[in-house]
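What follows is the content of target.txt (compact mmCIF, C-alpha atoms).
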# COMPACT_ATOMS: atom_id res chain seq x y z
CA MET A 284 51.01 -51.89 44.08
CA ARG A 285 50.11 -48.76 45.98
CA VAL A 286 52.79 -46.09 46.06
CA LEU A 287 52.85 -42.72 47.78
CA LYS A 288 51.97 -39.62 45.81
CA ASP A 289 55.50 -38.37 46.46
CA VAL A 290 56.82 -41.46 44.69
CA ARG A 291 54.57 -41.17 41.65
CA GLN A 292 55.81 -37.71 40.73
CA TYR A 293 59.27 -39.12 39.95
CA LEU A 294 58.10 -41.67 37.40
CA GLU A 295 59.80 -40.77 34.13
CA ASN A 296 57.43 -42.17 31.51
CA TYR A 297 54.67 -39.70 30.63
CA HIS A 298 52.12 -42.31 29.56
CA LEU A 299 52.65 -44.34 32.74
CA LYS A 300 52.24 -41.26 34.93
CA ALA A 301 49.11 -40.19 33.03
CA GLY A 302 47.63 -43.67 33.30
CA ILE A 303 48.18 -43.78 37.06
CA PHE A 304 46.65 -40.31 37.39
CA HIS A 305 43.47 -41.44 35.61
CA PHE A 306 43.41 -44.78 37.47
CA TYR A 307 43.32 -43.08 40.85
CA ARG A 308 40.57 -40.76 39.60
CA GLY A 309 38.46 -43.79 38.61
CA GLU A 310 38.73 -42.85 34.91
CA PHE A 311 39.42 -46.34 33.69
CA GLY A 312 39.00 -45.86 29.93
CA PRO A 313 41.70 -43.17 29.62
CA ALA A 314 43.88 -45.05 32.13
CA CYS A 315 43.87 -48.17 29.95
CA GLU A 316 44.72 -46.11 26.86
CA PHE A 317 47.72 -44.51 28.54
CA PHE A 318 49.02 -47.77 30.01
CA GLN A 319 48.78 -49.44 26.60
CA LYS A 320 50.63 -46.53 25.00
CA ALA A 321 53.36 -46.94 27.59
CA LEU A 322 53.63 -50.65 26.82
CA ASP A 323 53.80 -49.92 23.09
CA GLU A 324 56.92 -47.79 23.58
CA GLU A 325 60.05 -49.49 22.36
CA HIS A 326 62.42 -48.06 24.97
CA LEU A 327 60.27 -48.40 28.09
CA SER A 328 62.42 -49.38 31.07
CA GLY A 329 61.91 -52.76 32.70
CA ALA A 330 60.64 -51.17 35.91
CA ASP A 331 58.14 -48.97 34.07
CA ARG A 332 57.00 -51.90 31.92
CA ARG A 333 56.27 -54.00 34.99
CA ALA A 334 54.38 -51.09 36.55
CA ALA A 335 52.37 -50.50 33.37
CA VAL A 336 51.37 -54.17 33.15
CA TYR A 337 50.37 -54.21 36.81
CA PHE A 338 48.28 -51.04 36.60
CA LEU A 339 46.67 -52.03 33.31
CA VAL A 340 45.49 -55.31 34.86
CA GLN A 341 44.30 -53.54 38.02
CA THR A 342 42.45 -50.97 35.92
CA ARG A 343 40.63 -53.71 34.05
CA ILE A 344 39.75 -55.42 37.34
CA SER A 345 38.46 -52.16 38.85
CA ALA A 346 36.37 -51.43 35.76
CA ALA A 347 34.94 -54.97 35.90
CA GLU A 348 34.00 -54.53 39.56
CA ASN A 349 32.18 -51.29 38.75
CA HIS A 350 30.22 -52.97 35.96
CA LEU A 351 29.43 -55.92 38.23
CA ALA A 352 28.06 -53.62 40.94
CA GLU A 353 25.74 -52.08 38.36
CA GLY A 354 24.58 -55.45 37.01
CA ARG A 355 26.31 -55.06 33.63
CA PHE A 356 27.51 -58.63 33.44
CA GLY A 357 28.49 -58.55 29.77
CA ARG A 358 30.80 -55.58 30.34
CA THR A 359 32.13 -57.24 33.49
CA ILE A 360 33.12 -60.29 31.46
CA GLU A 361 34.75 -58.12 28.78
CA GLU A 362 36.94 -56.37 31.32
CA TYR A 363 38.03 -59.55 33.10
CA ARG A 364 38.84 -61.15 29.75
CA ALA A 365 40.87 -58.08 28.83
CA ALA A 366 42.77 -58.39 32.13
CA LEU A 367 43.58 -62.01 31.32
CA GLY A 368 44.72 -60.91 27.88
CA VAL A 369 47.44 -58.92 29.62
CA MET A 370 48.20 -61.44 32.39
CA PRO A 371 46.75 -64.88 31.49
CA SER A 372 48.25 -66.63 34.53
CA TYR A 373 46.36 -64.53 37.11
CA ALA A 374 44.43 -67.21 39.02
CA ASP A 375 42.22 -64.78 40.94
CA VAL A 376 41.01 -63.09 37.75
CA HIS A 377 40.02 -66.48 36.32
CA ALA A 378 37.98 -67.03 39.50
CA ARG A 379 36.40 -63.56 39.24
CA LEU A 380 35.55 -64.14 35.60
CA ALA A 381 33.98 -67.47 36.56
CA GLY A 382 31.77 -65.64 39.05
CA ALA A 383 30.58 -63.30 36.31
CA TYR A 384 29.76 -66.23 34.06
CA LEU A 385 27.75 -67.82 36.85
CA ARG A 386 25.70 -64.63 37.11
CA ILE A 387 24.49 -65.24 33.52
CA ASP A 388 24.12 -69.00 34.07
CA ASP A 389 27.02 -69.92 31.81
CA VAL A 390 28.15 -72.68 34.12
CA ALA A 391 30.35 -74.46 31.58
CA ARG A 392 32.57 -71.40 31.03
CA ALA A 393 32.63 -70.72 34.77
CA ILE A 394 33.90 -74.25 35.43
CA ALA A 395 36.55 -73.88 32.72
CA HIS A 396 37.94 -70.72 34.30
CA LEU A 397 37.82 -72.15 37.81
CA GLU A 398 39.70 -75.21 36.58
CA ALA A 399 42.24 -72.83 35.04
CA SER A 400 42.58 -70.96 38.34
CA VAL A 401 43.46 -74.09 40.34
CA GLU A 402 45.73 -75.38 37.59
CA ILE A 403 47.69 -72.11 37.80
CA ASN A 404 47.66 -72.15 41.61
CA PRO A 405 46.91 -75.58 43.06
CA ARG A 406 46.98 -74.06 46.58
CA PHE A 407 44.09 -71.69 45.76
CA VAL A 408 41.62 -72.91 48.39
CA ASP A 409 38.89 -70.46 47.38
CA GLY A 410 39.28 -71.55 43.76
CA TRP A 411 38.78 -75.20 44.67
CA THR A 412 35.76 -74.33 46.82
CA ARG A 413 34.13 -72.26 44.08
CA LEU A 414 34.85 -75.02 41.59
CA GLY A 415 33.10 -77.50 43.85
CA TYR A 416 29.94 -75.37 44.00
CA ALA A 417 30.00 -74.76 40.23
CA LEU A 418 30.30 -78.50 39.58
CA LEU A 419 27.38 -79.14 41.92
CA ARG A 420 25.38 -76.61 39.93
CA ALA A 421 26.25 -78.52 36.77
CA GLY A 422 25.09 -81.79 38.36
CA ARG A 423 28.61 -83.26 38.38
CA ALA A 424 28.52 -84.76 41.86
CA ALA A 425 31.68 -86.89 41.70
CA ALA A 426 33.81 -84.05 40.34
CA ALA A 427 32.36 -81.70 42.97
CA ARG A 428 33.32 -84.14 45.72
CA ASP A 429 36.90 -84.22 44.41
CA ALA A 430 37.09 -80.41 44.28
CA PHE A 431 35.86 -80.01 47.85
CA ARG A 432 38.31 -82.67 49.02
CA GLN A 433 41.12 -80.76 47.31
CA ALA A 434 39.98 -77.56 49.04
CA LEU A 435 40.16 -79.30 52.41
CA VAL A 436 43.59 -80.84 51.68
CA ARG A 437 45.01 -77.48 50.60
CA ARG A 438 43.53 -75.63 53.57
CA GLU A 439 44.93 -78.17 56.04
CA GLU A 440 48.29 -78.09 54.27
CA GLN A 441 48.52 -74.31 54.65
CA ALA A 442 47.33 -74.44 58.26
CA ARG A 443 50.05 -76.97 59.11
CA GLU A 444 52.70 -74.79 57.48
CA ARG A 445 51.56 -71.72 59.42
CA LEU A 446 51.40 -73.73 62.62
CA ALA A 447 54.99 -74.86 62.09
CA GLU A 448 56.05 -71.23 61.53
CA ALA A 449 54.28 -70.23 64.74
CA GLU A 450 56.00 -72.98 66.72
CA THR A 451 59.38 -71.94 65.29
CA ALA A 452 58.70 -68.38 66.44
CA LEU A 453 57.76 -69.69 69.89
CA ASP A 454 61.01 -71.66 70.13
CA ALA A 455 62.92 -68.49 69.21
CA GLY A 456 61.16 -66.54 71.96
CA GLN A 457 59.31 -64.35 69.41
CA LEU A 458 56.00 -64.33 71.25
CA ASP A 459 54.39 -61.47 69.30
CA ALA A 460 55.22 -63.07 65.97
CA ALA A 461 53.98 -66.44 67.23
CA GLY A 462 50.70 -64.93 68.37
CA GLU A 463 50.22 -63.32 64.97
CA LEU A 464 50.87 -66.62 63.21
CA PHE A 465 48.54 -68.56 65.49
CA ARG A 466 45.84 -65.97 64.83
CA HIS A 467 46.41 -66.41 61.10
CA VAL A 468 45.79 -70.15 61.50
CA PHE A 469 42.79 -70.15 63.81
CA LEU A 470 41.04 -66.79 63.64
CA GLU A 471 41.21 -65.72 60.00
CA ASP A 472 37.82 -64.49 58.79
CA GLU A 473 37.90 -64.52 54.99
CA ASP A 474 34.56 -62.79 54.39
CA ARG A 475 35.27 -60.05 56.92
CA PHE A 476 38.77 -59.59 55.51
CA ARG A 477 37.56 -59.24 51.92
CA ARG A 478 34.88 -56.75 52.90
CA HIS A 479 37.23 -54.39 54.72
CA TYR A 480 40.13 -54.95 52.32
CA HIS A 481 38.19 -54.06 49.18
CA ARG A 482 36.51 -51.14 50.91
CA GLY A 483 39.92 -49.89 52.01
CA LEU A 484 41.30 -50.08 48.46
CA LEU A 485 38.34 -48.13 47.11
CA LEU A 486 38.81 -45.42 49.74
CA LEU A 487 42.53 -45.27 48.96
CA ARG A 488 41.75 -44.63 45.31
CA GLU A 489 39.33 -41.89 46.33
CA GLU A 490 42.06 -40.43 48.60
CA LYS A 491 39.88 -40.70 51.69
CA TRP A 492 42.91 -41.51 53.76
CA GLU A 493 41.43 -41.63 57.26
CA ASP A 494 38.52 -43.86 56.27
CA ALA A 495 40.87 -46.06 54.24
CA ALA A 496 43.17 -46.47 57.23
CA SER A 497 40.24 -47.50 59.44
CA GLU A 498 39.13 -50.19 56.97
CA LEU A 499 42.64 -51.49 56.39
CA GLU A 500 43.37 -51.69 60.11
CA VAL A 501 40.49 -54.15 60.40
CA ALA A 502 41.78 -56.06 57.38
CA VAL A 503 45.20 -56.34 59.04
CA GLU A 504 43.56 -57.76 62.17
CA CYS A 505 41.86 -60.40 60.01
CA ARG A 506 44.98 -61.27 58.01
CA PRO A 507 48.11 -60.14 59.82
CA ARG A 508 50.45 -61.98 57.45
CA TYR A 509 49.34 -60.28 54.23
CA ALA A 510 52.16 -57.95 53.10
CA ASP A 511 49.97 -56.02 50.65
CA VAL A 512 47.55 -54.87 53.34
CA HIS A 513 50.33 -53.55 55.56
CA ASN A 514 51.70 -51.61 52.57
CA TYR A 515 48.30 -50.15 51.74
CA LEU A 516 47.75 -49.19 55.37
CA GLY A 517 51.15 -47.54 55.34
CA VAL A 518 50.16 -45.45 52.31
CA ALA A 519 47.00 -44.24 54.04
CA ARG A 520 48.92 -43.36 57.21
CA ALA A 521 51.70 -41.59 55.32
CA GLU A 522 49.26 -39.49 53.31
CA LEU A 523 47.63 -38.52 56.62
CA GLY A 524 51.05 -37.30 57.80
CA ASP A 525 51.53 -40.00 60.45
CA LEU A 526 55.02 -40.97 59.28
CA ASP A 527 55.95 -43.10 62.29
CA ALA A 528 52.83 -45.25 61.98
CA ALA A 529 53.36 -45.47 58.21
CA THR A 530 56.95 -46.58 58.81
CA ALA A 531 55.74 -49.37 61.10
CA SER A 532 53.34 -50.58 58.40
CA PHE A 533 55.94 -50.54 55.61
CA ARG A 534 58.49 -52.28 57.84
CA ARG A 535 55.96 -55.01 58.63
CA SER A 536 55.22 -55.41 54.94
CA VAL A 537 58.86 -56.01 53.99
CA GLU A 538 59.41 -58.27 57.01
CA ILE A 539 56.67 -60.52 55.65
CA ASN A 540 57.88 -60.22 52.05
CA PRO A 541 61.47 -58.96 51.71
CA GLU A 542 61.09 -58.93 47.89
CA TYR A 543 58.25 -56.37 48.00
CA ILE A 544 59.86 -53.53 46.02
CA VAL A 545 56.95 -51.10 46.34
CA ALA A 546 56.88 -51.35 50.13
CA TRP A 547 60.65 -50.74 50.28
CA LEU A 548 60.18 -47.70 48.02
CA ASN A 549 57.39 -46.34 50.20
CA LEU A 550 59.53 -46.91 53.29
CA ALA A 551 62.45 -45.05 51.71
CA PHE A 552 60.40 -41.98 50.81
CA THR A 553 58.62 -41.98 54.17
CA ARG A 554 61.86 -42.05 56.15
CA HIS A 555 63.34 -39.37 53.89
CA ALA A 556 60.31 -37.17 54.63
CA ALA A 557 60.75 -37.92 58.34
CA GLY A 558 64.35 -36.68 58.26
CA ASP A 559 65.88 -40.15 58.68
CA PRO A 560 68.39 -40.40 55.78
CA GLU A 561 70.12 -43.52 57.08
CA THR A 562 66.97 -45.66 57.01
CA ALA A 563 65.97 -44.06 53.70
CA ARG A 564 69.37 -45.05 52.24
CA GLN A 565 68.99 -48.62 53.44
CA ALA A 566 65.48 -48.92 52.00
CA VAL A 567 66.27 -47.32 48.65
CA ASP A 568 69.25 -49.64 48.28
CA GLN A 569 66.87 -52.60 48.72
CA VAL A 570 64.89 -51.27 45.76
CA LEU A 571 67.86 -50.60 43.51
CA CYS A 572 69.52 -53.95 44.13
CA ARG A 573 66.36 -55.58 42.78
CA GLU A 574 65.29 -53.00 40.21
CA PRO A 575 68.24 -50.81 39.13
CA ASP A 576 66.17 -48.82 36.63
CA ASN A 577 63.49 -47.75 39.13
CA ALA A 578 63.24 -44.01 38.42
CA PRO A 579 61.81 -42.80 41.78
CA ALA A 580 64.43 -44.84 43.67
CA ARG A 581 67.24 -43.46 41.52
CA HIS A 582 65.96 -39.93 42.12
CA LEU A 583 65.89 -40.43 45.88
CA ALA A 584 69.32 -42.08 45.85
CA THR A 585 70.69 -39.05 44.03
CA GLU A 586 69.26 -36.74 46.71
CA LEU A 587 70.69 -38.91 49.45
CA ARG A 588 74.16 -38.91 47.89
CA ALA A 589 74.65 -35.46 49.37
CA GLY A 590 75.42 -37.29 52.59
CA GLY A 591 78.44 -38.87 50.93
CA ASP A 592 77.40 -42.46 51.54
CA PRO A 593 79.40 -44.73 49.16
CA ALA A 594 76.65 -47.36 49.17
CA VAL A 595 74.13 -44.79 47.98
CA ASP A 596 76.57 -43.51 45.34
CA GLN A 597 76.78 -47.04 43.98
CA ALA A 598 73.01 -47.46 44.10
CA ALA A 599 72.40 -44.21 42.24
CA ALA A 600 74.89 -45.25 39.57
CA GLY A 601 72.84 -48.39 38.99
CA ARG A 602 73.73 -52.05 39.16
CA PRO A 603 73.77 -54.69 36.42
CA GLU A 604 70.63 -56.80 36.07
CA ARG A 605 70.79 -59.98 38.08
Write out the structure in this file as structure tokens.
Amino acid sequence: MRVLKDVRQYLENYHLKAGIFHFYRGEFGPACEFFQKALDEEHLSGADRRAAVYFLVQTRISAAENHLAEGRFGRTIEEYRAALGVMPSYADVHARLAGAYLRIDDVARAIAHLEASVEINPRFVDGWTRLGYALLRAGRAAAARDAFRQALVRREEQARERLAEAETALDAGQLDAAGELFRHVFLEDEDRFRRHYHRGLLLLREEKWEDAASELEVAVECRPRYADVHNYLGVARAELGDLDAATASFRRSVEINPEYIVAWLNLAFTRHAAGDPETARQAVDQVLCREPDNAPARHLATELRAGGDPAVDQAAAGRPER
């Protein structure tokens, strides 16, 4: 969840805003304190509660990565465990925690968390692969064989699904979309993607927008069907002032995942800044139909009501929870 700075200023909850401020400054201790205070508030809106949970987990993950880079494996484990305390069904964090346990040769706990990761998400190919290697390390050859076989089955299953999507796009004459899907099947480079993706996120947090955009552009080439990366690239481009390029990134993000509220919100604020109220209205309505209590969206909808658009008037007034 990466939102534009213009969006953040309209968050209503003080503790949430303060936590995000410290998170982006890399001050993870104070960030966690503020996010927890937000979550402890009785009347926190649903939208702000979801944001606080998300940012608290991401703060714990970021802190763990910092400790890992410095070789503080005990602190790394503490932070990942704290993240799971907030969101226990986060398969990737189980896998990350397993990696930390392997660094201190606690293979049994690593296996337990990798087993949890693939139980939560049976299609987690990387989880199955890591589990296979951990089981080999434990001398459990038969179980390792089964894990690697599962990894292969899941990878082939996903490749077949993407291939079918590509062929459907071909039949519809959508050659660009088909090419992107075929590239996702045959040319995806996981290691290269992770390297540029994580570097891009770090540079975003440090507000080094141009460098972040360069890294994320490479990540998009590696994984063109990953909605998050398009959103993050859009943030970097928007903060650089390239609103048209940012718009293209946010549009691509919501095309891939129409339920991606943050990308819709970023698109709305970007088009408003670009002097395009009609597109801004359409995007903000997509946010409010899914999250009626989203404070930045309600603020923007109120501004856009000056145009007298009945749809925006309804959006600003809020809709019942679905």
request  = Could you check which of A:Val376, A:Ala321, A:Ala529, A:Ala449 is closest to Arg508 (chain A), using all atoms listed in the file?
outcome  = A:Ala449
ask   = So how far away is CA of Ala430 (chain A) from CA of Thr412 (chain A), in Å?
value =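 These atoms are spaced 6.7 Å apart.
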message = Can you measure CA of Ala352 (chain A) to CA of Gly422 (chain A) for me? One decimal in Å is fine.
response =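 Rounded to one decimal, the two atoms are 28.4 Å apart.
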Report as a Markdown table: every residue of region 458-577 of chain A with an atom at most 9 Å from region 293-307 of chain A, its closest pair of atoms, and their distance in Å to one decimal, counting all atoms listed in the file, with rows sorted by chain and ascending residue number.
| residue | atom | partner | partner_atom | distance |
| --- | --- | --- | --- | --- |
| A:Leu487 | CA | A:Tyr307 | CA | 8.4 |
| A:Arg488 | CA | A:Tyr307 | CA | 5.0 |
| A:Glu489 | CA | A:Tyr307 | CA | 6.9 |
| A:Glu490 | CA | A:Tyr307 | CA | 8.3 |
| A:Asn577 | CA | A:Leu294 | CA | 8.3 |
remark   = Using only C-alpha atoms, the residue out of A:Arg432, A:His582, A:Arg343, A:Arg386 with shortest distance to Leu367 (chain A) is A:Arg343
key: Exercise: region 515-522 of chain A partners within 6 Å, all atoms listed in the file, chain neighbours under 2 positions left out, as a ChimeraX atom specification   = /A:287,492,496,499,512-513,524-526,529,532-533
Would you mind exporting the chosen residues as a PDB file, in the frame of the given file, restricted to C-alpha atoms?
ATOM      1  CA  LEU A 287      52.850 -42.720  47.780  1.00  0.00           C
ATOM      2  CA  TRP A 492      42.910 -41.510  53.760  1.00  0.00           C
ATOM      3  CA  ALA A 496      43.170 -46.470  57.230  1.00  0.00           C
ATOM      4  CA  LEU A 499      42.640 -51.490  56.390  1.00  0.00           C
ATOM      5  CA  VAL A 512      47.550 -54.870  53.340  1.00  0.00           C
ATOM      6  CA  HIS A 513      50.330 -53.550  55.560  1.00  0.00           C
ATOM      7  CA  GLY A 524      51.050 -37.300  57.800  1.00  0.00           C
ATOM      8  CA  ASP A 525      51.530 -40.000  60.450  1.00  0.00           C
ATOM      9  CA  LEU A 526      55.020 -40.970  59.280  1.00  0.00           C
ATOM     10  CA  ALA A 529      53.360 -45.470  58.210  1.00  0.00           C
ATOM     11  CA  SER A 532      53.340 -50.580  58.400  1.00  0.00           C
ATOM     12  CA  PHE A 533      55.940 -50.540  55.610  1.00  0.00           C
TER      13      PHE A 533
END
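Ranking A:Ala460, A:Val503, A:His377, A:Phe356 by their shortest atom-to-atom distance to Arg475 (chain A), with all atoms listed in the file included, puts A:Val503 first.
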query = Any idea what's packed within 7 Å of Val537 (chain A), counting only C-alpha atoms, ignoring anything in its chain fewer than 4 positions away? Could you give it as number ranges by chain?
reply = A: 533, 541, 543, 546-547
message = Residues near His396 (chain A), anyone? I mean within 12 Å using all atoms listed in the file, not counting same-chain ones fewer than 6 positions away, as JSON, numbers by chain.
response = {"A": [360, 363, 364, 367, 371, 372, 373, 374, 375, 376, 377, 378, 379, 380, 381, 382, 383, 384, 385, 389, 390, 402, 403, 410, 411, 413, 414, 417]}
request  = Check the smallest atom-to-atom distance from each of A:Phe311, A:Phe476, A:Tyr509, A:Phe465 to Thr451 (chain A) using all atoms listed in the file, then report the winner.
outcome  =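 Closest residue, counting all atoms listed in the file: A:Phe465.
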key: Atomic distance CA of Ala393 (chain A) - CA of Asn349 (chain A), expressed in Å with one decimal   =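 So the two atoms, CA of Ala393 (chain A) and CA of Asn349 (chain A), lie 19.8 Å apart.
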